[in-house]
Protein chains: 4
Amino acid sequence: MLNVGLIGFGYWGPNLARNFNSNPDCTLCAIADADEAQRARAQAAYPNACVSDAESVLTDAQVDVIAIATPVSTHFELARSALEAGKHVFLEKPMTTTAEEARTLVALAQERGRILMVDHTFLFTGAVQTMKKALDAGELGRLFYYDSARVNLGIYQRDVNVVWDLAPHDFSILHYLLPTLPVAVSAHGADHFGTGLEDMAYVTLFYADNFMAHLHLNWLAPVKLRRIMVGGDKKMLIWDDLSLEEKIKIYDKGMDVTSPEGRYQLLAETRVGAMTAPVVPHVEALAREVAYFVECIQDNTTPVNDGVAGHAVMALLEATNASLANGGQTISLDWEGMAL
Amino acid sequence: MLNVGLIGFGYWGPNLARNFNSNPDCTLCAIADADEAQRARAQAAYPNACVSDAESVLTDAQVDVIAIATPVSTHFELARSALEAGKHVFLEKPMTTTAEEARTLVALAQERGRILMVDHTFLFTGAVQTMKKALDAGELGRLFYYDSARVNLGIYQRDVNVVWDLAPHDFSILHYLLPTLPVAVSAHGADHFGTGLEDMAYVTLFYADNFMAHLHLNWLAPVKLRRIMVGGDKKMLIWDDLSLEEKIKIYDKGMDVTSPEGRYQLLAETRVGAMTAPVVPHVEALAREVAYFVECIQDNTTPVNDGVAGHAVMALLEATNASLANGGQTISLDWEGMAL
Amino acid sequence: MLNVGLIGFGYWGPNLARNFNSNPDCTLCAIADADEAQRARAQAAYPNACVSDAESVLTDAQVDVIAIATPVSTHFELARSALEAGKHVFLEKPMTTTAEEARTLVALAQERGRILMVDHTFLFTGAVQTMKKALDAGELGRLFYYDSARVNLGIYQRDVNVVWDLAPHDFSILHYLLPTLPVAVSAHGADHFGTGLEDMAYVTLFYADNFMAHLHLNWLAPVKLRRIMVGGDKKMLIWDDLSLEEKIKIYDKGMDVTSPEGRYQLLAETRVGAMTAPVVPHVEALAREVAYFVECIQDNTTPVNDGVAGHAVMALLEATNASLANGGQTISLDWEGMAL
Amino acid sequence: MLNVGLIGFGYWGPNLARNFNSNPDCTLCAIADADEAQRARAQAAYPNACVSDAESVLTDAQVDVIAIATPVSTHFELARSALEAGKHVFLEKPMTTTAEEARTLVALAQERGRILMVDHTFLFTGAVQTMKKALDAGELGRLFYYDSARVNLGIYQRDVNVVWDLAPHDFSILHYLLPTLPVAVSAHGADHFGTGLEDMAYVTLFYADNFMAHLHLNWLAPVKLRRIMVGGDKKMLIWDDLSLEEKIKIYDKGMDVTSPEGRYQLLAETRVGAMTAPVVPHVEALAREVAYFVECIQDNTTPVNDGVAGHAVMALLEATNASLANGGQTISLDWEGMAL
């Protein structure tokens with residue numbers, strides 16, 4: 001049985017509380033929040049938990065796991081303290097404010113032999129699990145592209161641009177789905193209200209072998225779209241996250257281009273087969289993620305969404321912002337130089 | 001009554017023939033094609049027309065108008081000959097193979113006082129007409145962006161990439177809808193079959209005042225999309241060209257961002273009003289375009305889709321290819337230096 | 001301040017508890033359930049409420065209002081006792097097991113001068129409110145039909161057929177929207193598993209002036225549909241309850257049929273104007289319904305969804321079953337003879 | 001080589017002409033029309049055909065096949081004359097004005113040993129062919145229902161009601177898909193303009209084994225729907241004829257209802273598997289139908305859409321109208337008594 005201490009009971013914290021509390025291998029024994037009203041809510045909802053401040057939770061010897069759902073600017077210090085105190089850490093995303101800080105946490109977790117998991121909830125949805133299975137089985141063949149439209153009339157954030165708001169979803173999903181990392185990033189965006197924050201952006205990630213990922217991110221769109229296309233030389237798929245019953249469609253379609261007699265004699269043939277919408281299980285992704293976190297601790301295995309994955313998202317966000325600030329300049333990503 | 005000579009009776013020529021023939025102010029008096037079988041088809045369909053070769057049509061003194069629907073590589077010489085012979089010209093798109101040639105034709109048409117119209121059929125659809133009216137009336141307010149998804153499992157062209165195949169639609173529509181020209185272009189693409197031709201591309205056009213246009217062009221997509229979003233600070237619209245009954249939807253939606261007390265106190269408010277799908281007339285765009293061409297000749301007025309418009313499309317295609325060839329480098333467009 | 005006692009804390013009861021509890025004019029002071037585990041849940045969620053059995057709640061002198069969310073077979077006795085004890089009653093639907101019982105409750109509520117409201121939650125959704133406004137304003141003109149498709153792969157109920165499961169929604173909505181009652185009912189259905197319960201049915205309601213309502217109800221459909229069309233001679237509307245952003249669409253469309261020179265010279269003209277999707281507010285219907293219930297008590301006004309409305313639903317259910325049992329025979333409805 | 005004579009060159013005749021003319025086993029040698037302008041059009045389009053009047057075509061000894069595309073009221077006399085003259089007949093639908101006349105033609109064709117085909121074009125579409133294959137293979141299991149929504153803002157016909165306009169499609173498709181005929185019909189409708197013609201109707205067909213077919217037909221609907229659902233105990237399918245790329249969707253879904261311990265202990269279980277949209281070939285249905293007609297003549301085999309099929313449609317139309325005229329009364333169909 002793992003004793004869990006939760007720091008932060010604001011917007012997302014109650015979801016963590018509920019899921020850790022209902023996991024059969026966990027006891028939610030301590031909750032902290034800086035705000036008195038939130039603490040009162042926490043105590044009412046979890047009468048058996050000890051509700052106090054972050055310091056007390058971090059130094060509570062019986063606590064095995066610290067879950068952190070506080071404002072981003074506090075993540076680094078809290079996670080560092082937790083790891084230094086020998087706790088396993090479940091950390092909200094984005095994990096830190098800089099990639100440098102993320103690297104520090106990764107190193108610390110390795111050093112102390114603790115599990116550091118970053119909350120990339122989307123990976124545990126039925127839809128992403130279904131995509132992962134299809135890709136791992138090679139069902140799509142050689143991969144061509146990942147194209148994401150993630151737009152709506154959004155909530156205008158005051159501290160981050162549209163990229164930091166929406167791109168972490170795609171960045172973490174790409175990290176999960178693909179065996180390799182992008183080699184470079186280019187992004188264009190626009191700030192229509194003079195606030196210094198882009199309200200729309202187009203982000204392109206370049207990978208080896210001509211694989212391309214592209215994100216259309218927009219807070220000023222008249223309709224909500226959450227639609228990802230992935231193309232391969234055997235099959236193609238569309239994930240429409242707003243569809244109730246057909247979230248994933250797999251198309252047995254493609255094009256065969258060959259040039260048996262040299263480039264100028266190329267032959268292109270279109271293949272059109274059936275479309276299949278597999279059953280995508282309806283599960284609460286966070287419940288599944290918490291169960292997986294517990295498993296990783298029990299078996300001492302590295303999670304797919306560990307600190308290294310969280311760091312990759314941070315590095316991509318930084319590179320994207322650098323490209324935006326430099327007129328779309330292509331920014332190379334030196335993963336080896338980042339020395340994780 | 002205008003006497004019309006048509007050169008080229010292959011794929012698109014018969015459509016021009018039919019529409020010129022049914023226009024009450026035109027007589028389709030001559031048709032040329034290099035291929036004997038096509039000439040036979042032309043003669044059967046239009047027994048009263050004189051069917052022969054291009055040379056004869058160009059030098060036929062009774063012909064007032066030359067319509068050209070031949071392969072692109074022949075456009076320049078045919079159009080030049082026609083203008084030099086004092087004919088008005090209706091020219092298929094893309095108008096030439098280079099922007100330089102386009103400029104030569106524009107200058108020649110001006111010099112001879114003849115109408116040179118480039119066949120940008122889309123401008124005459126009910127959908128684009130409806131958008132044009134909304135924009136000209138200022139219904140959308142200050143414009144933010146134009147975002148186009150023009151993807152499908154396409155026909156792999158052997159001589160042009162996906163940009164030359166699909167972007168002319170958006171480039172000509174943008175030229176028509178907006179009062180200004182883009183100042184720069186950046187494009188990323190991929191060639192997945194090693195043919196030297198991009199099969200997918202993302203093209204970004206930069207305009208003054210932070211207006212951005214973005215094109216998603218793809219021959220390797222599992223479904224067909226022809227969806228354009230245009231956002232403004234008052235309203236936003238979506239043109240879904242595959243929708244049978246609601247091609248244009250106008251959303252009374254937007255975001256008001258103000259910072260009465262300085263940047264860090266900015267206030268963002270979302271407005272959500274009704275959506276309206278106006279009646280989009282079902283008309284044959286080409287019939288309307290031919291009628292407009294006749295009017296321009298009769299009234300000696302400059303068409304919106306004249307050689308200058310056609311040249312803009314050519315210049316954008318050249319700049320896009322230059323950006324693709326240089327890793328997405330931003331290519332500035334010096335419209336004044338092009339000296340039309 | 002109204003003191004509310006809730007009987008039944010199973011599937012729906014907790015929703016009533018939450019909404020009565022959060023209404024500023026109500027105090028949820030007592031909860032009853034026959035099941036010990038449910039009582040424990042109720043006490044944990046509402047520590048200040050007195051949790052006991054139905055008898056105690058009904059005889060609690062400080063209780064002003066009884067909300068009943070128990071199995072249907074117990075509704076009649078509980079509601080009767082509550083009214084006899086001088087309480088206002090908020091009763092789940094279907095209100096009773098027979099129309100006769102419903103009439104008894106209506107009479108009793110009138111006699112005692114108490115408010116008896118039947119929980120027709122749908123009436124308080126943004127969508128139905130929007131439809132009601134359009135119809136009351138005469139926006140659709142003379143009404144032609146109401147057509148409802150309410151199908152999905154449903155939960156096979158063991159005690160009621162598909163009509164009793166799904167038709168109450170349409171019956172209560174029709175009662176709310178229209179000024180008149182249907183004069184007759186006909187229904188066809190099928191029982192594909194030999195259980196004696198129809199798993200699909202088509203129900204037709206006949207009104208004066210040729211207005212027709214038709215319900216397609218099906219537990220064995222591969223997709224979920226919740227789509228209602230209402231046609232009038234001026235406009236038509238579609239309510240698609242599964243659409244996230246365009247629940248109601250109003251079409252300025254219609255047909256004008258006249259015969260100025262006698263029947264055989266009739267002229268039919270189709271009108272096609274714009275479609276508008278008004279803003280449909282996202283509100284919790286049940287919260288709104290509870291607030292309205294409180295208002296009706298405070299102002300002593302008759303709710304639109306009073307016992308009379310609930311009785312109409314019961315009478316239509318009984319007539320529908322009678323028609324099903326008699327091969328689709330048209331069953332007349334003698335509303336006056338029902339003597340409410 | 002079959003010599004074909006076509007009578008009627010109005011709305012549909014030119015389509016027959018084009019398809020017979022392009023069939024490699026046919027020669028379109030004669031065309032008749034009562035209208036001089038139509039005859040001129042026919043002659044221009046088919047310079048080698050002899051264009052004259054019906055009488056001449058019917059008595060032309062070299063003509064093997066008569067195709068009839070004239071107004072319905074003339075079908076019977078023309079088809080009878082053709083069959084009596086020993087010609088094979090391709091007859092537009094509805095084949096006659098009464099079922100009695102249809103029976104006469106069927107008997108005559110049998111007597112003379114000629115092929116009588118009724119033009120039920122829909123049967124030859126890729127969609128219906130796909131459905132037919134799935135049903136014949138037993139893919140759906142025991143069949144439960146066929147539900148058709150065939151509505152739009154239609155053309156108000158002056159001589160037939162909405163049933164005669166739209167139901168023949170479903171009646172002929174049902175006749176093709178199913179091994180048995182309906183035993184009874186019931187229909188409700190409304191005439192909102194006092195013309196004596198129903199502008200909307202609901203038609204129910206009853207089959208053995210609890211299979212039910214239902215048609216929702218409406219000329220006064222704000223949107224166009226052409227959606228058919230077919231449910232079985234193994235799988236279910238939806239045919240959406242307006243969908244461009246996914247006309248047929250087959251759902252591996254269903255419900256298993258068993259009652260191992262008697263009716264009141266019934267167990268219902270829902271099965272939810274994948275959905276598949278098979279490739280539906282894009283072919284011109286009429287071209288395929290003409291080829292099939294030629295085959296039937298060459299091989300002397302009975303077409304699926306022979307006079308017997310056409311008669312079934314007529315008998316169903318008559319029974320539907322009888323039910324409409326009698327307040328929805330269930331009309332039994334005595335197929336044996338019709339003595340074909």
# chains A, B, ... in the order shown; residues from 1 in each chain; ligands from 1

call {"tool": "residues_around", "arguments": {"residues": "segment 69-79 of chain C", "least_positions_apart": "5", "cutoff": "6 Å", "atoms": "only C-alpha atoms", "output": "PyMOL selection string"}}
result
chain C and resi 8+13+92+96

call {"tool": "residues_around", "arguments": {"residues": "segment 188-192 of chain B", "least_positions_apart": "3", "cutoff": "8 Å", "atoms": "only C-alpha atoms", "output": "list in words"}}
result
Phe144, Asn210, Phe211 and Met212 of chain A; Thr195, Gly196, Leu197, Glu198, Asp199, Met200, Ala201, Tyr202, Val203, Ser323, Leu324, Gly327 and Gly328 of chain B

call {"tool": "select_by_dssp", "arguments": {"residues": "segment 263-319 of chain A", "states": "alpha helix (DSSP H)", "output": "PyMOL selection string"}}
result
chain A and resi 285-299+307-319

call {"tool": "write_last_selection", "arguments": {"atoms": "N, CA and C atoms", "output": "mmCIF file, in the first residue's frame"}}
result
data_model
loop_
_atom_site.group_PDB
_atom_site.id
_atom_site.type_symbol
_atom_site.label_atom_id
_atom_site.label_comp_id
_atom_site.auth_asym_id
_atom_site.auth_seq_id
_atom_site.Cartn_x
_atom_site.Cartn_y
_atom_site.Cartn_z
ATOM 1 N N ALA A 285 -9.022 8.121 -18.357
ATOM 2 C CA ALA A 285 -7.588 8.046 -18.636
ATOM 3 C C ALA A 285 -6.767 8.237 -17.363
ATOM 4 N N LEU A 286 -7.199 9.130 -16.501
ATOM 5 C CA LEU A 286 -6.406 9.428 -15.306
ATOM 6 C C LEU A 286 -6.374 8.230 -14.353
ATOM 7 N N ALA A 287 -7.481 7.504 -14.275
ATOM 8 C CA ALA A 287 -7.506 6.311 -13.420
ATOM 9 C C ALA A 287 -6.493 5.290 -13.922
ATOM 10 N N ARG A 288 -6.448 5.135 -15.232
ATOM 11 C CA ARG A 288 -5.517 4.201 -15.843
ATOM 12 C C ARG A 288 -4.072 4.662 -15.623
ATOM 13 N N GLU A 289 -3.859 5.960 -15.720
ATOM 14 C CA GLU A 289 -2.509 6.506 -15.556
ATOM 15 C C GLU A 289 -2.023 6.302 -14.118
ATOM 16 N N VAL A 290 -2.904 6.524 -13.147
ATOM 17 C CA VAL A 290 -2.538 6.338 -11.744
ATOM 18 C C VAL A 290 -2.203 4.864 -11.481
ATOM 19 N N ALA A 291 -3.005 3.969 -12.062
ATOM 20 C CA ALA A 291 -2.733 2.543 -11.888
ATOM 21 C C ALA A 291 -1.362 2.171 -12.464
ATOM 22 N N TYR A 292 -1.055 2.768 -13.602
ATOM 23 C CA TYR A 292 0.234 2.509 -14.258
ATOM 24 C C TYR A 292 1.391 3.061 -13.419
ATOM 25 N N PHE A 293 1.187 4.216 -12.846
ATOM 26 C CA PHE A 293 2.195 4.824 -11.968
ATOM 27 C C PHE A 293 2.494 3.884 -10.797
ATOM 28 N N VAL A 294 1.432 3.363 -10.202
ATOM 29 C CA VAL A 294 1.594 2.435 -9.079
ATOM 30 C C VAL A 294 2.375 1.193 -9.518
ATOM 31 N N GLU A 295 2.019 0.656 -10.680
ATOM 32 C CA GLU A 295 2.743 -0.493 -11.226
ATOM 33 C C GLU A 295 4.223 -0.206 -11.407
ATOM 34 N N CYS A 296 4.540 0.966 -11.971
ATOM 35 C CA CYS A 296 5.941 1.329 -12.215
ATOM 36 C C CYS A 296 6.713 1.383 -10.902
ATOM 37 N N ILE A 297 6.068 1.890 -9.857
ATOM 38 C CA ILE A 297 6.730 1.941 -8.544
ATOM 39 C C ILE A 297 6.932 0.524 -8.018
ATOM 40 N N GLN A 298 5.871 -0.275 -8.082
ATOM 41 C CA GLN A 298 5.952 -1.636 -7.536
ATOM 42 C C GLN A 298 6.987 -2.477 -8.271
ATOM 43 N N ASP A 299 7.035 -2.333 -9.607
ATOM 44 C CA ASP A 299 7.941 -3.161 -10.402
ATOM 45 C C ASP A 299 9.271 -2.470 -10.673
ATOM 46 N N GLY A 307 10.313 11.531 -16.530
ATOM 47 C CA GLY A 307 10.882 12.866 -16.627
ATOM 48 C C GLY A 307 11.542 13.122 -17.965
ATOM 49 N N VAL A 308 12.076 12.083 -18.583
ATOM 50 C CA VAL A 308 12.719 12.250 -19.893
ATOM 51 C C VAL A 308 11.678 12.675 -20.927
ATOM 52 N N ALA A 309 10.502 12.042 -20.876
ATOM 53 C CA ALA A 309 9.411 12.421 -21.784
ATOM 54 C C ALA A 309 8.966 13.851 -21.494
ATOM 55 N N GLY A 310 8.837 14.171 -20.216
ATOM 56 C CA GLY A 310 8.433 15.526 -19.828
ATOM 57 C C GLY A 310 9.457 16.546 -20.290
ATOM 58 N N HIS A 311 10.731 16.178 -20.196
ATOM 59 C CA HIS A 311 11.785 17.077 -20.653
ATOM 60 C C HIS A 311 11.708 17.303 -22.163
ATOM 61 N N ALA A 312 11.405 16.259 -22.909
ATOM 62 C CA ALA A 312 11.315 16.413 -24.369
ATOM 63 C C ALA A 312 10.251 17.453 -24.714
ATOM 64 N N VAL A 313 9.128 17.407 -24.012
ATOM 65 C CA VAL A 313 8.078 18.400 -24.246
ATOM 66 C C VAL A 313 8.607 19.805 -23.951
ATOM 67 N N MET A 314 9.318 19.946 -22.842
ATOM 68 C CA MET A 314 9.864 21.264 -22.473
ATOM 69 C C MET A 314 10.850 21.769 -23.525
ATOM 70 N N ALA A 315 11.718 20.872 -24.001
ATOM 71 C CA ALA A 315 12.721 21.280 -24.989
ATOM 72 C C ALA A 315 12.043 21.708 -26.288
ATOM 73 N N LEU A 316 10.977 21.007 -26.654
ATOM 74 C CA LEU A 316 10.255 21.376 -27.878
ATOM 75 C C LEU A 316 9.534 22.713 -27.704
ATOM 76 N N LEU A 317 8.984 22.942 -26.536
ATOM 77 C CA LEU A 317 8.320 24.230 -26.297
ATOM 78 C C LEU A 317 9.339 25.365 -26.392
ATOM 79 N N GLU A 318 10.501 25.163 -25.800
ATOM 80 C CA GLU A 318 11.521 26.210 -25.872
ATOM 81 C C GLU A 318 11.970 26.461 -27.307
ATOM 82 N N ALA A 319 12.179 25.387 -28.045
ATOM 83 C CA ALA A 319 12.622 25.544 -29.438
ATOM 84 C C ALA A 319 11.538 26.223 -30.275
#

call {"tool": "interface_residues", "arguments": {"of": "chain A", "to": "chain D", "cutoff": "6 Å", "atoms": "only C-alpha atoms", "output": "PDB file with N, CA and C atoms, in the first residue's frame"}}
result
ATOM      1  N   GLY A 273      -9.147   0.994 -50.135  1.00  0.00           N
ATOM      2  CA  GLY A 273      -9.813  -0.141 -49.506  1.00  0.00           C
ATOM      3  C   GLY A 273     -10.788   0.332 -48.440  1.00  0.00           C
ATOM      4  N   ALA A 274     -11.167  -0.549 -47.577  1.00  0.00           N
ATOM      5  CA  ALA A 274     -12.189  -0.252 -46.583  1.00  0.00           C
ATOM      6  C   ALA A 274     -11.663   0.657 -45.474  1.00  0.00           C
ATOM      7  N   MET A 275     -12.574   1.299 -44.789  1.00  0.00           N
ATOM      8  CA  MET A 275     -12.256   2.053 -43.583  1.00  0.00           C
ATOM      9  C   MET A 275     -12.801   1.273 -42.393  1.00  0.00           C
ATOM     10  N   THR A 276     -12.033   1.227 -41.331  1.00  0.00           N
ATOM     11  CA  THR A 276     -12.486   0.529 -40.130  1.00  0.00           C
ATOM     12  C   THR A 276     -12.372   1.451 -38.929  1.00  0.00           C
ATOM     13  N   ALA A 277     -13.432   1.483 -38.137  1.00  0.00           N
ATOM     14  CA  ALA A 277     -13.394   2.230 -36.879  1.00  0.00           C
ATOM     15  C   ALA A 277     -13.381   1.209 -35.746  1.00  0.00           C
ATOM     16  N   PRO A 278     -12.213   0.945 -35.184  1.00  0.00           N
ATOM     17  CA  PRO A 278     -12.140  -0.070 -34.124  1.00  0.00           C
ATOM     18  C   PRO A 278     -12.861   0.424 -32.864  1.00  0.00           C
ATOM     19  N   VAL A 279     -13.165  -0.494 -31.988  1.00  0.00           N
ATOM     20  CA  VAL A 279     -13.764  -0.108 -30.706  1.00  0.00           C
ATOM     21  C   VAL A 279     -12.716   0.633 -29.885  1.00  0.00           C
TER      22      VAL A 279
END

call {"tool": "select_by_dssp", "arguments": {"residues": "segment 85-177 of chain C", "states": "strand (DSSP E or B)", "output": "MDAnalysis selection string"}}
result
chainID C and resid 88:91 116:118 143:153

call {"tool": "closest_residue", "arguments": {"among": "D:Ala37, D:Trp12, D:His216, D:Glu336", "to": "Ile68 of chain D", "atoms": "only C-alpha atoms"}}
result
D:Trp12

call {"tool": "residues_around", "arguments": {"residues": "Leu108 of chain B", "least_positions_apart": "3", "cutoff": "8 Å", "atoms": "only C-alpha atoms", "output": "number ranges by chain"}}
result
B: 80, 83-84, 104-105, 111-112

call {"tool": "write_last_selection", "arguments": {"atoms": "N, CA and C atoms", "output": "PDB file, in the first residue's frame"}}
result
ATOM      1  N   ARG B  80       0.628  35.199 -76.429  1.00  0.00           N
ATOM      2  CA  ARG B  80       1.347  36.315 -77.018  1.00  0.00           C
ATOM      3  C   ARG B  80       0.910  36.526 -78.477  1.00  0.00           C
ATOM      4  N   LEU B  83      -2.586  38.109 -78.528  1.00  0.00           N
ATOM      5  CA  LEU B  83      -2.611  39.532 -78.167  1.00  0.00           C
ATOM      6  C   LEU B  83      -1.988  40.356 -79.293  1.00  0.00           C
ATOM      7  N   GLU B  84      -0.912  39.841 -79.851  1.00  0.00           N
ATOM      8  CA  GLU B  84      -0.263  40.579 -80.943  1.00  0.00           C
ATOM      9  C   GLU B  84      -1.183  40.686 -82.152  1.00  0.00           C
ATOM     10  N   THR B 104       5.281  39.654 -69.148  1.00  0.00           N
ATOM     11  CA  THR B 104       5.338  40.003 -70.577  1.00  0.00           C
ATOM     12  C   THR B 104       3.933  40.067 -71.170  1.00  0.00           C
ATOM     13  N   LEU B 105       3.080  39.087 -70.813  1.00  0.00           N
ATOM     14  CA  LEU B 105       1.711  39.085 -71.348  1.00  0.00           C
ATOM     15  C   LEU B 105       0.904  40.270 -70.827  1.00  0.00           C
ATOM     16  N   GLU B 111      -0.543  47.310 -73.615  1.00  0.00           N
ATOM     17  CA  GLU B 111      -0.071  48.009 -74.814  1.00  0.00           C
ATOM     18  C   GLU B 111      -1.101  47.954 -75.935  1.00  0.00           C
ATOM     19  N   ARG B 112      -1.698  46.758 -76.099  1.00  0.00           N
ATOM     20  CA  ARG B 112      -2.652  46.612 -77.191  1.00  0.00           C
ATOM     21  C   ARG B 112      -4.088  46.943 -76.783  1.00  0.00           C
TER      22      ARG B 112
END

call {"tool": "closest_residue", "arguments": {"among": "B:Asp209, B:Glu261, B:Asp147, B:Glu100", "to": "Pro222 of chain A", "atoms": "only C-alpha atoms"}}
result
B:Asp147

call {"tool": "residues_around", "arguments": {"residues": "Ala32 of chain B", "least_positions_apart": "4", "cutoff": "9 Å", "atoms": "only C-alpha atoms", "output": "PDB file with N, CA, C and O atoms, in the first residue's frame"}}
result
ATOM      1  N   GLY B   5     -12.706  31.996 -80.806  1.00  0.00           N
ATOM      2  CA  GLY B   5     -11.926  30.850 -81.278  1.00  0.00           C
ATOM      3  C   GLY B   5     -11.304  30.147 -80.080  1.00  0.00           C
ATOM      4  O   GLY B   5     -10.721  30.795 -79.210  1.00  0.00           O
ATOM      5  N   LEU B   6     -11.486  28.854 -80.020  1.00  0.00           N
ATOM      6  CA  LEU B   6     -10.975  28.082 -78.885  1.00  0.00           C
ATOM      7  C   LEU B   6      -9.798  27.232 -79.325  1.00  0.00           C
ATOM      8  O   LEU B   6      -9.902  26.492 -80.314  1.00  0.00           O
ATOM      9  N   ILE B   7      -8.686  27.314 -78.581  1.00  0.00           N
ATOM     10  CA  ILE B   7      -7.541  26.453 -78.884  1.00  0.00           C
ATOM     11  C   ILE B   7      -7.376  25.450 -77.751  1.00  0.00           C
ATOM     12  O   ILE B   7      -7.177  25.837 -76.602  1.00  0.00           O
ATOM     13  N   GLY B   8      -7.525  24.189 -78.074  1.00  0.00           N
ATOM     14  CA  GLY B   8      -7.413  23.128 -77.060  1.00  0.00           C
ATOM     15  C   GLY B   8      -8.780  22.537 -76.746  1.00  0.00           C
ATOM     16  O   GLY B   8      -9.633  23.194 -76.154  1.00  0.00           O
ATOM     17  N   PHE B   9      -8.991  21.271 -77.139  1.00  0.00           N
ATOM     18  CA  PHE B   9     -10.289  20.619 -76.899  1.00  0.00           C
ATOM     19  C   PHE B   9     -10.062  19.300 -76.152  1.00  0.00           C
ATOM     20  O   PHE B   9     -10.639  18.269 -76.479  1.00  0.00           O
ATOM     21  N   GLN B  38      -9.492  14.583 -81.148  1.00  0.00           N
ATOM     22  CA  GLN B  38     -10.161  15.690 -80.448  1.00  0.00           C
ATOM     23  C   GLN B  38     -10.855  16.609 -81.451  1.00  0.00           C
ATOM     24  O   GLN B  38     -11.943  17.127 -81.189  1.00  0.00           O
ATOM     25  N   ARG B  39     -10.194  16.826 -82.571  1.00  0.00           N
ATOM     26  CA  ARG B  39     -10.820  17.696 -83.587  1.00  0.00           C
ATOM     27  C   ARG B  39     -12.130  17.080 -84.073  1.00  0.00           C
ATOM     28  O   ARG B  39     -13.118  17.777 -84.252  1.00  0.00           O
ATOM     29  N   ALA B  42     -14.740  17.680 -81.551  1.00  0.00           N
ATOM     30  CA  ALA B  42     -15.144  19.090 -81.566  1.00  0.00           C
ATOM     31  C   ALA B  42     -16.109  19.354 -82.718  1.00  0.00           C
ATOM     32  O   ALA B  42     -17.138  20.015 -82.556  1.00  0.00           O
ATOM     33  N   CYS B  50     -15.656  26.164 -87.370  1.00  0.00           N
ATOM     34  CA  CYS B  50     -14.572  25.766 -88.262  1.00  0.00           C
ATOM     35  C   CYS B  50     -13.482  25.129 -87.421  1.00  0.00           C
ATOM     36  O   CYS B  50     -12.930  25.779 -86.522  1.00  0.00           O
ATOM     37  N   VAL B  51     -13.221  23.852 -87.640  1.00  0.00           N
ATOM     38  CA  VAL B  51     -12.266  23.137 -86.801  1.00  0.00           C
ATOM     39  C   VAL B  51     -10.951  22.942 -87.558  1.00  0.00           C
ATOM     40  O   VAL B  51     -10.934  22.338 -88.633  1.00  0.00           O
ATOM     41  N   SER B  52      -9.862  23.465 -86.982  1.00  0.00           N
ATOM     42  CA  SER B  52      -8.587  23.363 -87.706  1.00  0.00           C
ATOM     43  C   SER B  52      -7.424  23.388 -86.715  1.00  0.00           C
ATOM     44  O   SER B  52      -7.506  22.765 -85.667  1.00  0.00           O
ATOM     45  N   ASP B  53      -6.369  24.151 -87.042  1.00  0.00           N
ATOM     46  CA  ASP B  53      -5.221  24.195 -86.143  1.00  0.00           C
ATOM     47  C   ASP B  53      -5.073  25.576 -85.519  1.00  0.00           C
ATOM     48  O   ASP B  53      -5.734  26.536 -85.933  1.00  0.00           O
ATOM     49  N   ALA B  54      -4.214  25.681 -84.509  1.00  0.00           N
ATOM     50  CA  ALA B  54      -4.063  26.910 -83.754  1.00  0.00           C
ATOM     51  C   ALA B  54      -3.717  28.088 -84.658  1.00  0.00           C
ATOM     52  O   ALA B  54      -4.294  29.180 -84.531  1.00  0.00           O
ATOM     53  N   GLU B  55      -2.782  27.855 -85.555  1.00  0.00           N
ATOM     54  CA  GLU B  55      -2.329  28.912 -86.451  1.00  0.00           C
ATOM     55  C   GLU B  55      -3.510  29.557 -87.190  1.00  0.00           C
ATOM     56  O   GLU B  55      -3.648  30.784 -87.218  1.00  0.00           O
ATOM     57  N   SER B  56      -4.373  28.700 -87.731  1.00  0.00           N
ATOM     58  CA  SER B  56      -5.521  29.217 -88.478  1.00  0.00           C
ATOM     59  C   SER B  56      -6.454  30.030 -87.595  1.00  0.00           C
ATOM     60  O   SER B  56      -6.989  31.068 -88.002  1.00  0.00           O
ATOM     61  N   VAL B  57      -6.672  29.550 -86.384  1.00  0.00           N
ATOM     62  CA  VAL B  57      -7.578  30.276 -85.494  1.00  0.00           C
ATOM     63  C   VAL B  57      -6.988  31.627 -85.120  1.00  0.00           C
ATOM     64  O   VAL B  57      -7.665  32.658 -85.108  1.00  0.00           O
TER      65      VAL B  57
END
